[in-house]
file work-v3.cif (mmCIF, C-alpha atoms)
data_structure
#
loop_
_atom_site.label_atom_id
_atom_site.label_comp_id
_atom_site.auth_asym_id
_atom_site.auth_seq_id
_atom_site.Cartn_x
_atom_site.Cartn_y
_atom_site.Cartn_z
CA MET A 1 -21.24 -11.00 -37.89
CA HIS A 2 -17.98 -9.73 -39.32
CA GLU A 3 -17.89 -6.89 -36.81
CA ASN A 4 -18.55 -9.17 -33.85
CA LEU A 5 -15.69 -11.36 -34.99
CA LYS A 6 -13.42 -8.32 -34.98
CA LEU A 7 -14.40 -7.51 -31.38
CA ILE A 8 -13.54 -11.03 -30.28
CA VAL A 9 -10.24 -11.08 -32.15
CA VAL A 10 -9.03 -7.70 -30.84
CA LEU A 11 -10.04 -8.36 -27.24
CA GLY A 12 -8.59 -11.86 -27.41
CA LEU A 13 -5.36 -10.55 -28.90
CA ILE A 14 -4.92 -7.90 -26.20
CA ALA A 15 -5.69 -10.42 -23.45
CA THR A 16 -3.19 -12.89 -24.93
CA ILE A 17 -0.40 -10.32 -25.15
CA SER A 18 -1.18 -9.18 -21.62
CA GLY A 19 -1.09 -12.80 -20.39
CA GLY A 20 2.25 -13.36 -22.08
CA VAL A 21 3.81 -10.23 -20.59
CA LEU A 22 2.55 -11.10 -17.10
CA ALA A 23 3.80 -14.68 -17.38
CA TYR A 24 7.24 -13.37 -18.30
CA VAL A 25 7.37 -10.82 -15.46
CA HIS A 26 6.02 -13.32 -12.96
CA GLN A 27 8.59 -15.93 -13.96
CA THR A 28 11.37 -13.37 -13.67
CA VAL A 29 10.52 -12.02 -10.23
CA SER A 30 8.88 -14.99 -8.50
CA PRO A 31 12.20 -16.49 -7.28
CA ILE A 32 12.98 -13.12 -5.66
CA ILE A 33 9.52 -12.94 -4.09
CA GLU A 34 9.87 -16.50 -2.75
CA ALA A 35 13.32 -15.69 -1.34
CA ASN A 36 11.88 -12.53 0.22
CA LYS A 37 9.28 -14.65 1.98
CA LEU A 38 11.72 -17.32 3.18
CA GLY A 39 14.36 -14.82 4.27
CA PRO A 40 12.07 -12.95 6.69
CA LEU A 41 10.91 -16.25 8.26
CA ARG A 42 14.50 -17.27 9.02
CA ASP A 43 15.43 -13.74 10.10
CA ALA A 44 12.32 -13.55 12.27
CA ILE A 45 13.21 -16.77 14.11
CA TYR A 46 16.67 -15.44 14.93
CA GLU A 47 15.18 -12.08 15.89
CA VAL A 48 12.69 -13.48 18.40
CA LEU A 49 15.22 -15.96 19.78
CA PRO A 50 18.40 -13.94 20.35
CA GLY A 51 21.35 -16.26 20.87
CA ALA A 52 20.03 -18.94 18.55
CA THR A 53 22.38 -19.79 15.70
CA ALA A 54 20.46 -22.73 14.25
CA PHE A 55 16.97 -24.15 14.47
CA GLU A 56 15.18 -27.41 13.98
CA VAL A 57 11.73 -27.62 12.43
CA ASN A 58 9.20 -29.73 14.34
CA THR A 59 5.45 -30.10 14.48
CA LEU A 60 3.39 -30.31 17.63
CA ASP A 61 2.53 -33.96 17.07
CA SER A 62 5.70 -35.23 15.46
CA SER A 63 4.30 -38.69 14.68
CA SER A 64 1.33 -37.48 12.65
CA GLY A 65 2.86 -34.15 11.55
CA GLU A 66 -0.21 -32.29 12.72
CA GLY A 67 -0.51 -29.07 14.71
CA PRO A 68 1.49 -25.86 14.48
CA THR A 69 5.06 -25.91 13.25
CA ILE A 70 7.52 -25.25 16.04
CA TYR A 71 11.06 -24.02 15.46
CA GLN A 72 13.44 -25.15 18.18
CA GLY A 73 16.37 -22.77 18.41
CA THR A 74 19.81 -23.92 19.52
CA ASP A 75 22.98 -21.97 20.25
CA ASP A 76 26.60 -22.64 19.19
CA SER A 77 26.99 -25.54 21.63
CA GLN A 78 23.74 -27.23 20.48
CA GLU A 79 21.98 -26.18 23.69
CA PRO A 80 18.29 -25.31 23.24
CA VAL A 81 17.61 -21.59 23.75
CA GLY A 82 13.85 -21.66 23.33
CA ILE A 83 11.16 -22.27 20.77
CA ALA A 84 9.59 -20.11 18.10
CA PHE A 85 6.28 -20.55 16.31
CA VAL A 86 3.96 -18.67 13.99
CA ALA A 87 0.69 -17.53 15.56
CA VAL A 88 -2.14 -16.49 13.24
CA GLY A 89 -4.94 -14.17 14.30
CA SER A 90 -7.75 -12.61 12.36
CA GLY A 91 -7.21 -8.88 11.93
CA PHE A 92 -9.17 -6.04 10.38
CA GLY A 93 -7.98 -6.62 6.81
CA GLY A 94 -7.17 -10.34 6.90
CA PRO A 95 -4.96 -12.81 8.73
CA VAL A 96 -2.18 -11.44 10.93
CA GLU A 97 0.88 -13.70 11.19
CA VAL A 98 3.16 -13.25 14.17
CA MET A 99 6.43 -15.04 14.92
CA VAL A 100 6.70 -15.61 18.67
CA GLY A 101 9.81 -16.64 20.56
CA LEU A 102 9.40 -18.36 23.95
CA ASP A 103 11.72 -19.10 26.83
CA THR A 104 10.26 -22.48 27.81
CA ALA A 105 11.99 -22.64 31.20
CA ALA A 106 10.84 -19.22 32.41
CA ARG A 107 7.50 -19.48 30.58
CA THR A 108 7.95 -15.98 29.16
CA ILE A 109 7.92 -14.48 25.69
CA VAL A 110 11.36 -13.50 24.46
CA GLY A 111 10.14 -11.38 21.55
CA ILE A 112 7.58 -11.19 18.77
CA LYS A 113 7.70 -10.07 15.16
CA VAL A 114 4.75 -9.50 12.83
CA LEU A 115 5.45 -11.45 9.64
CA ASP A 116 2.48 -10.59 7.48
CA HIS A 117 -0.69 -8.53 7.71
CA GLN A 118 -3.16 -6.59 5.56
CA GLU A 119 -4.08 -4.00 8.19
CA THR A 120 -4.90 -0.37 7.33
CA PRO A 121 -1.66 1.44 6.45
CA GLY A 122 -0.68 3.89 9.16
CA LEU A 123 -3.19 2.59 11.71
CA GLY A 124 -3.41 -1.19 12.08
CA SER A 125 -0.07 -1.54 10.32
CA ARG A 126 1.58 -0.10 13.43
CA ILE A 127 1.13 -3.46 15.20
CA ALA A 128 4.32 -4.39 13.36
CA ASP A 129 6.31 -1.50 14.90
CA PRO A 130 8.58 -1.81 17.96
CA PRO A 131 6.47 0.41 20.28
CA PHE A 132 3.74 -2.23 20.10
CA THR A 133 5.73 -5.44 19.64
CA GLY A 134 8.32 -4.49 22.29
CA GLN A 135 5.80 -4.69 25.14
CA PHE A 136 5.55 -8.48 24.73
CA ALA A 137 9.19 -9.08 25.69
CA ASP A 138 9.51 -10.83 29.09
CA LYS A 139 5.72 -11.15 29.30
CA SER A 140 4.53 -14.29 31.07
CA ILE A 141 2.64 -16.67 28.79
CA ASP A 142 0.21 -17.33 31.64
CA ASP A 143 -1.12 -13.76 31.33
CA ASP A 144 -4.60 -13.24 29.96
CA PHE A 145 -3.52 -11.16 26.92
CA ILE A 146 -6.50 -8.83 27.24
CA VAL A 147 -6.12 -5.73 25.10
CA ASP A 148 -6.16 -2.41 27.00
CA LYS A 149 -5.62 -4.29 30.27
CA ASP A 150 -2.36 -6.17 30.10
CA VAL A 151 -1.65 -5.39 26.45
CA ASP A 152 -1.27 -1.70 25.51
CA MET A 153 -3.44 -0.69 22.60
CA ILE A 154 -2.83 1.49 19.55
CA THR A 155 -5.49 4.19 19.08
CA GLY A 156 -7.69 3.36 16.11
CA ALA A 157 -6.38 -0.18 15.80
CA THR A 158 -8.30 -2.17 18.42
CA ILE A 159 -9.08 -5.11 16.15
CA SER A 160 -5.49 -5.36 14.91
CA CYS A 161 -4.13 -5.32 18.47
CA GLU A 162 -6.64 -7.94 19.56
CA ALA A 163 -5.65 -10.11 16.60
CA VAL A 164 -2.04 -10.18 17.78
CA ALA A 165 -2.89 -10.74 21.46
CA SER A 166 -5.40 -13.51 20.85
CA ALA A 167 -3.19 -15.18 18.24
CA ILE A 168 -0.37 -15.47 20.76
CA LYS A 169 -2.69 -16.62 23.55
CA ASN A 170 -4.44 -19.27 21.44
CA THR A 171 -1.29 -20.74 19.97
CA VAL A 172 0.44 -20.83 23.36
CA ARG A 173 -2.49 -22.85 24.75
CA GLN A 174 -2.27 -25.15 21.73
CA ILE A 175 1.37 -26.00 22.26
CA GLU A 176 1.01 -26.35 26.04
CA PRO A 177 2.02 -30.09 25.94
CA VAL A 178 5.37 -29.13 24.49
CA LEU A 179 5.84 -26.44 27.09
CA ARG A 180 5.10 -28.83 29.93
CA ALA A 181 7.81 -31.12 28.64
CA GLY A 182 10.20 -28.17 28.86
CA GLY A 183 10.32 -27.55 25.15
CA ALA A 184 11.52 -31.02 24.27
CA TRP A 185 10.04 -33.89 22.33
CA MET B 186 6.28 22.37 -28.21
CA ARG B 187 4.32 25.12 -26.49
CA ASN B 188 1.31 22.84 -26.57
CA LEU B 189 3.17 19.90 -24.92
CA ARG B 190 4.33 22.15 -22.11
CA LYS B 191 0.75 23.14 -21.44
CA GLU B 192 -0.33 19.47 -21.46
CA PHE B 193 2.36 18.69 -18.89
CA VAL B 194 1.74 21.62 -16.55
CA LYS B 195 -2.05 21.26 -16.35
CA GLY B 196 -1.84 18.06 -14.27
CA LEU B 197 0.32 19.78 -11.67
CA TRP B 198 -2.18 22.46 -10.67
CA ASN B 199 -4.99 23.66 -12.93
CA GLU B 200 -6.39 20.19 -13.64
CA HIS B 201 -4.82 18.47 -10.65
CA PRO B 202 -6.58 15.06 -10.62
CA ILE B 203 -7.05 14.98 -6.85
CA PHE B 204 -7.47 18.59 -5.77
CA ARG B 205 -9.16 20.06 -8.86
CA LEU B 206 -10.97 17.19 -10.57
CA LEU B 207 -11.58 15.34 -7.29
CA ILE B 208 -11.25 11.88 -8.79
CA GLY B 209 -9.56 8.81 -7.39
CA MET B 210 -10.81 9.64 -3.91
CA CYS B 211 -10.72 6.10 -2.45
CA PRO B 212 -6.94 5.62 -2.33
CA THR B 213 -6.50 9.33 -1.61
CA LEU B 214 -8.55 9.15 1.56
CA ALA B 215 -7.45 5.68 2.61
CA ILE B 216 -3.68 5.48 2.27
CA THR B 217 -2.49 9.01 3.06
CA THR B 218 -1.77 8.28 6.72
CA ALA B 219 1.98 8.78 6.29
CA ALA B 220 4.19 10.61 3.80
CA THR B 221 5.97 7.39 2.79
CA ASN B 222 2.69 5.65 1.99
CA GLY B 223 1.52 8.64 -0.05
CA LEU B 224 4.76 8.83 -2.01
CA ALA B 225 4.84 5.09 -2.73
CA MET B 226 1.19 5.00 -3.74
CA GLY B 227 1.66 8.11 -5.89
CA LEU B 228 4.66 6.66 -7.71
CA SER B 229 2.92 3.31 -8.29
CA THR B 230 -0.16 5.07 -9.67
CA ALA B 231 2.02 7.33 -11.84
CA PHE B 232 3.87 4.31 -13.23
CA VAL B 233 0.61 2.59 -14.18
CA LEU B 234 -0.85 5.83 -15.57
CA ILE B 235 2.15 6.66 -17.77
CA CYS B 236 2.54 3.11 -19.13
CA SER B 237 -1.15 2.49 -19.78
CA SER B 238 -1.81 5.93 -21.32
CA THR B 239 1.11 5.49 -23.72
CA ILE B 240 0.09 1.96 -24.74
CA ILE B 241 -3.59 2.87 -25.10
CA SER B 242 -2.67 5.82 -27.29
CA LEU B 243 -0.51 3.50 -29.43
CA VAL B 244 -3.24 0.92 -30.03
CA LYS B 245 -6.26 3.27 -30.03
CA ASN B 246 -6.84 2.84 -33.76
CA ILE B 247 -7.14 -0.95 -33.73
CA ILE B 248 -9.53 -1.08 -30.73
CA PRO B 249 -13.20 -1.21 -31.82
CA PRO B 250 -15.21 1.37 -29.83
CA LYS B 251 -17.63 -1.29 -28.54
CA VAL B 252 -14.95 -3.15 -26.56
CA ARG B 253 -12.71 -0.22 -25.69
CA ILE B 254 -13.41 -0.28 -21.92
CA PRO B 255 -12.56 -3.99 -21.49
CA CYS B 256 -9.44 -3.42 -23.58
CA TYR B 257 -8.36 -0.46 -21.43
CA ILE B 258 -9.02 -2.41 -18.25
CA ILE B 259 -6.89 -5.33 -19.44
CA ILE B 260 -4.02 -3.00 -20.33
CA ILE B 261 -4.30 -1.13 -17.01
CA ALA B 262 -4.61 -4.37 -15.00
CA THR B 263 -1.50 -5.72 -16.70
CA PHE B 264 0.59 -2.77 -15.55
CA VAL B 265 -0.92 -2.85 -12.07
CA THR B 266 0.04 -6.52 -11.73
CA ILE B 267 3.54 -5.72 -12.97
CA ALA B 268 3.83 -2.91 -10.40
CA ASP B 269 2.53 -5.25 -7.69
CA LEU B 270 5.03 -8.00 -8.56
CA LEU B 271 7.96 -5.56 -8.83
CA LEU B 272 7.12 -3.99 -5.45
CA ALA B 273 6.81 -7.43 -3.85
CA ALA B 274 10.18 -8.44 -5.30
CA TYR B 275 12.28 -5.32 -4.79
CA LEU B 276 10.54 -3.28 -2.05
CA PRO B 277 8.88 -5.98 0.10
CA ASP B 278 8.53 -3.70 3.15
CA LEU B 279 6.61 -1.06 1.25
CA HIS B 280 4.55 -3.77 -0.45
CA THR B 281 3.47 -5.02 2.99
CA VAL B 282 2.41 -1.53 4.10
CA LEU B 283 0.43 -0.67 0.96
CA GLY B 284 -1.10 -4.15 0.83
CA LEU B 285 -4.36 -4.36 -1.05
CA PHE B 286 -4.33 -0.74 -2.24
CA ILE B 287 -1.89 -1.65 -5.03
CA PRO B 288 -4.27 -4.10 -6.82
CA LEU B 289 -6.98 -1.47 -6.34
CA ILE B 290 -5.13 0.89 -8.71
CA VAL B 291 -6.95 -1.04 -11.47
CA VAL B 292 -10.21 0.64 -10.56
CA ASN B 293 -8.67 4.05 -9.86
CA CYS B 294 -10.72 6.33 -12.08
CA ILE B 295 -7.84 8.75 -12.63
CA ILE B 296 -6.27 6.12 -14.87
CA LEU B 297 -9.38 5.00 -16.72
CA GLY B 298 -10.42 8.67 -16.89
CA ARG B 299 -7.20 9.71 -18.61
CA ALA B 300 -7.43 6.71 -20.96
CA GLU B 301 -11.00 7.49 -21.95
CA ALA B 302 -10.81 11.30 -22.01
CA TYR B 303 -7.32 11.79 -23.37
CA ALA B 304 -5.17 8.86 -24.49
CA SER B 305 -7.90 7.37 -26.68
CA LYS B 306 -8.03 10.54 -28.80
CA MET B 307 -4.56 12.10 -28.73
CA PRO B 308 -1.17 11.22 -30.27
CA VAL B 309 1.29 9.10 -28.31
CA LEU B 310 3.66 11.89 -27.30
CA ASP B 311 0.83 14.10 -26.03
CA SER B 312 -0.64 11.19 -24.06
CA PHE B 313 2.73 10.41 -22.52
CA VAL B 314 3.30 14.03 -21.49
CA ASP B 315 -0.26 14.33 -20.18
CA ALA B 316 0.15 11.14 -18.10
CA LEU B 317 3.54 12.32 -16.84
CA GLY B 318 2.07 15.61 -15.62
CA MET B 319 -0.95 13.89 -14.05
CA GLY B 320 1.32 11.26 -12.46
CA ILE B 321 3.54 13.89 -10.87
CA GLY B 322 0.39 15.71 -9.77
CA ILE B 323 -0.96 12.58 -8.04
CA THR B 324 2.42 11.92 -6.44
CA TRP B 325 2.82 15.39 -4.93
CA GLY B 326 -0.83 15.42 -3.89
CA LEU B 327 -0.69 12.10 -2.04
CA THR B 328 2.72 12.87 -0.51
CA PHE B 329 1.49 16.27 0.67
CA LEU B 330 -1.69 14.83 2.21
CA GLY B 331 0.26 11.97 3.82
CA GLY B 332 2.93 14.34 5.12
CA PHE B 333 0.40 16.74 6.58
CA ARG B 334 -1.61 14.00 8.30
CA GLU B 335 1.55 12.34 9.60
CA LEU B 336 2.78 15.69 10.94
CA MET B 337 -0.49 16.46 12.71
CA GLY B 338 -1.10 12.89 13.88
CA MET B 339 2.36 11.79 14.95
CA GLY B 340 4.60 14.86 14.70
CA THR B 341 6.78 13.22 12.04
CA ILE B 342 7.29 13.44 8.28
CA PHE B 343 8.80 10.42 6.49
CA SER B 344 9.17 8.99 10.05
CA GLN B 345 11.55 11.86 10.95
CA GLN B 346 10.57 13.77 14.09
CA ILE B 347 9.62 17.33 13.06
CA LEU B 348 7.57 18.71 15.93
CA PRO B 349 9.39 18.78 19.27
CA ALA B 350 8.91 15.50 21.13
CA GLY B 351 6.07 15.72 23.62
CA THR B 352 3.92 18.02 21.48
CA THR B 353 0.33 16.86 21.68
CA SER B 354 -0.45 15.06 18.43
CA TRP B 355 -3.96 14.95 17.04
CA GLY B 356 -4.61 11.28 16.44
CA ILE B 357 -7.80 12.13 14.58
CA PHE B 358 -5.71 13.19 11.58
CA LEU B 359 -4.65 9.56 11.13
CA LEU B 360 -8.25 8.36 11.27
CA PRO B 361 -10.73 8.62 8.37
CA PRO B 362 -12.15 12.03 9.47
CA GLY B 363 -8.63 13.47 9.28
CA ALA B 364 -8.49 12.50 5.61
CA PHE B 365 -11.64 14.47 4.90
CA PHE B 366 -10.48 17.50 6.94
CA THR B 367 -7.10 17.61 5.22
CA LEU B 368 -8.51 17.11 1.73
CA GLY B 369 -11.26 19.67 2.25
CA ILE B 370 -8.91 22.32 3.62
CA THR B 371 -6.39 21.72 0.80
CA VAL B 372 -9.07 21.99 -1.90
CA GLY B 373 -10.37 25.17 -0.25
CA VAL B 374 -6.92 26.77 -0.07
CA MET B 375 -6.18 25.85 -3.70
CA ASN B 376 -9.51 27.32 -4.83
CA GLN B 377 -8.76 30.52 -2.92
CA ILE B 378 -5.29 30.81 -4.50
CA ASN B 379 -6.80 30.24 -7.95
CA HIS B 380 -9.45 32.81 -7.23
CA ILE B 381 -6.85 35.44 -6.33
CA LEU B 382 -4.70 34.56 -9.35
CA GLU B 383 -7.67 34.78 -11.67
CA HIS B 384 -8.74 38.07 -10.18
CA ARG B 385 -5.32 39.54 -10.86
CA ARG B 386 -5.32 38.17 -14.40
CA THR B 387 -8.71 39.65 -15.25
CA GLU B 388 -7.55 43.00 -13.93
CA ARG B 389 -4.62 43.02 -16.34
CA THR B 390 -6.32 41.62 -19.40
CA SER B 391 -9.79 40.34 -19.94
CA VAL B 392 -9.18 37.35 -22.18
CA GLU B 393 -8.28 33.66 -21.77
CA PRO B 394 -11.24 31.76 -20.34
CA THR B 395 -10.23 29.11 -17.80
CA MET B 396 -9.89 25.55 -18.90
CA ALA B 397 -12.68 23.18 -18.06
CA GLY B 398 -11.52 19.86 -16.63
CA GLN B 399 -12.84 16.56 -17.85
CA THR B 400 -14.43 14.76 -14.95
CA ALA B 401 -15.25 11.18 -14.16
CA GLU B 402 -16.33 9.63 -10.92
CA SER B 403 -15.41 6.42 -9.17
#

call {"tool": "encode", "arguments": {"input": "work-v3.cif", "output": "structure tokens"}}
result
Amino acid sequence: MHENLKLIVVLGLIATISGGVLAYVHQTVSPIIEANKLGPLRDAIYEVLPGATAFEVNTLDSSSGEGPTIYQGTDDSQEPVGIAFVAVGSGFGGPVEVMVGLDTAARTIVGIKVLDHQETPGLGSRIADPPFTGQFADKSIDDDFIVDKDVDMITGATISCEAVASAIKNTVRQIEPVLRAGGAW
Amino acid sequence: MRNLRKEFVKGLWNEHPIFRLLIGMCPTLAITTAATNGLAMGLSTAFVLICSSTIISLVKNIIPPKVRIPCYIIIIATFVTIADLLLAAYLPDLHTVLGLFIPLIVVNCIILGRAEAYASKMPVLDSFVDALGMGIGITWGLTFLGGFRELMGMGTIFSQQILPAGTTSWGIFLLPPGAFFTLGITVGVMNQINHILEHRRTERTSVEPTMAGQTAES
């Protein structure tokens, strides 16, 4: 009985110290991690909408607040330059989040940027690199987004590439009402 | 002092955890698709290994043998989580690339292997030096494998173009089979070098039996 008590006390003690240390480290770095997450989102919006200097946050159905969040970019003179939104697809290692910038008048993609993914390092992770993301610039949103046909594929990363293509396609269809109104509410 | 030097050097070649003991194969095969990934993974693993070996050696006398494995795992997991949080905070780009392989360091048997086979029996300084040598060994091993596969697969090392542009690159080296080819060839070459070295040594003298490595498997 005495020995069992010792096991519990030692294991409990080590777990408690470990918990304390982790709580301290987490508290110290979590503001930085949060800022890291917010920073890229803002940077990504400006990256996929060149010319935008400010943006407004809207949702697809503004009255109920439902549907995807849409960032409406405006330039220095408050003129709309296009919209940006986050498209989520299901990749090989988990969800793939892509920021997409659209020119609503021309119905083309301005640019895309992969925000977050858990794809295999060195293979699927290359969906985030310019050789892959660059091909979406000036692409019409009425395309079919079929991988290996009108979207160039990365060898060994079929599922990751499909995740990006279908994420963009599905979200574009979802926000079609906004597009028809010319990107206005 | 002589002894510490030996403890340090063994992890670099003779008891190299990846190429000689062949442990910790999962991250070795999975993440070495680029030199940067290998280096980052190697340094993260080394950090966890050095910290956990030192702490385990410090507290080895108060841990009852019956619960030693859970205790080691808690200590290792603590340092892995710290490494994960620090990477996410200060090197977010690298954290994105390495993704779920960082939390998986917890179950890397190099670390638990060193804790069980070495740190739980030896003094703190020896454990620290042992972990330092093993950590550097893992780091050069993963960086070498990553660099080689990146060179063959994309013609670059650390994303710098090495082979002349337009050289046919062998994409298979970036895929899982490439990991096995590269690892197998490296282990073979190292064995051959050791064989030659040993042959020379036995010609000169005929003493000093080779060290046997402690092994564990994941």

call {"tool": "atom_distance", "arguments": {"input": "work-v3.cif", "atom1": "atom CA of B:Ile259", "atom2": "atom CA of A:Ala35"}}
result
29.0 Å

call {"tool": "residues_around", "arguments": {"input": "work-v3.cif", "residues": "A:Phe85", "least_positions_apart": "2", "cutoff": "6 Å", "atoms": "all atoms listed in the file", "output": "list of chain:residue names"}}
result
A:Ile70, A:Tyr71, A:Met99, A:Val100

call {"tool": "write_last_selection", "arguments": {"input": "work-v3.cif", "atoms": "C-alpha atoms", "output": "compact mmCIF listing (two decimals), in the frame of the given file"}}
result
# COMPACT_ATOMS: atom_id res chain seq x y z
CA ILE A 70 7.52 -25.25 16.04
CA TYR A 71 11.06 -24.02 15.46
CA MET A 99 6.43 -15.04 14.92
CA VAL A 100 6.70 -15.61 18.67

call {"tool": "interface_residues", "arguments": {"input": "work-v3.cif", "of": "chain A", "to": "chain B", "cutoff": "12 Å", "atoms": "all atoms listed in the file", "output": "ChimeraX atom specification"}}
result
/A:3-37,39-40,93-94,96,114-129,154-157

call {"tool": "resolve_selection", "arguments": {"input": "work-v3.cif", "expression": "the PyMOL selection byres ((chain B and resi 312-319) around 9)", "output": "ChimeraX atom specification"}}
result
/B:189-197,200-202,231-232,234-239,241-242,295-296,299-300,303-311,320-324

call {"tool": "resolve_selection", "arguments": {"input": "work-v3.cif", "expression": "the PyMOL selection byres ((chain A and resi 179) around 12)", "output": "PyMOL selection string"}}
result
chain A and resi 60+70+72+82-84+102-108+141-142+171-178+180-185

call {"tool": "atom_distance", "arguments": {"input": "work-v3.cif", "atom1": "atom CA of B:Glu388", "atom2": "atom CA of B:Asn188"}}
result
25.4 Å

call {"tool": "resolve_selection", "arguments": {"input": "work-v3.cif", "expression": "the PyMOL selection byres ((chain A and resi 75) around 8)", "output": "list in words"}}
result
Gly51, Ala52, Thr53, Ala54, Gly73, Thr74, Asp76, Ser77, Gln78, Glu79, Pro80 and Val81 of chain A

call {"tool": "closest_residue", "arguments": {"input": "work-v3.cif", "among": "B:Thr353, B:Thr213, B:Asn246, B:Asn379", "to": "B:Leu330", "atoms": "all atoms listed in the file"}}
result
B:Thr213

call {"tool": "residues_near_point", "arguments": {"input": "work-v3.cif", "point": "(2.3, -11.5, 32.7)", "cutoff": "12 Å", "atoms": "all atoms listed in the file", "output": "PyMOL selection string"}}
result
chain A and resi 106-109+135-146+149-151+169
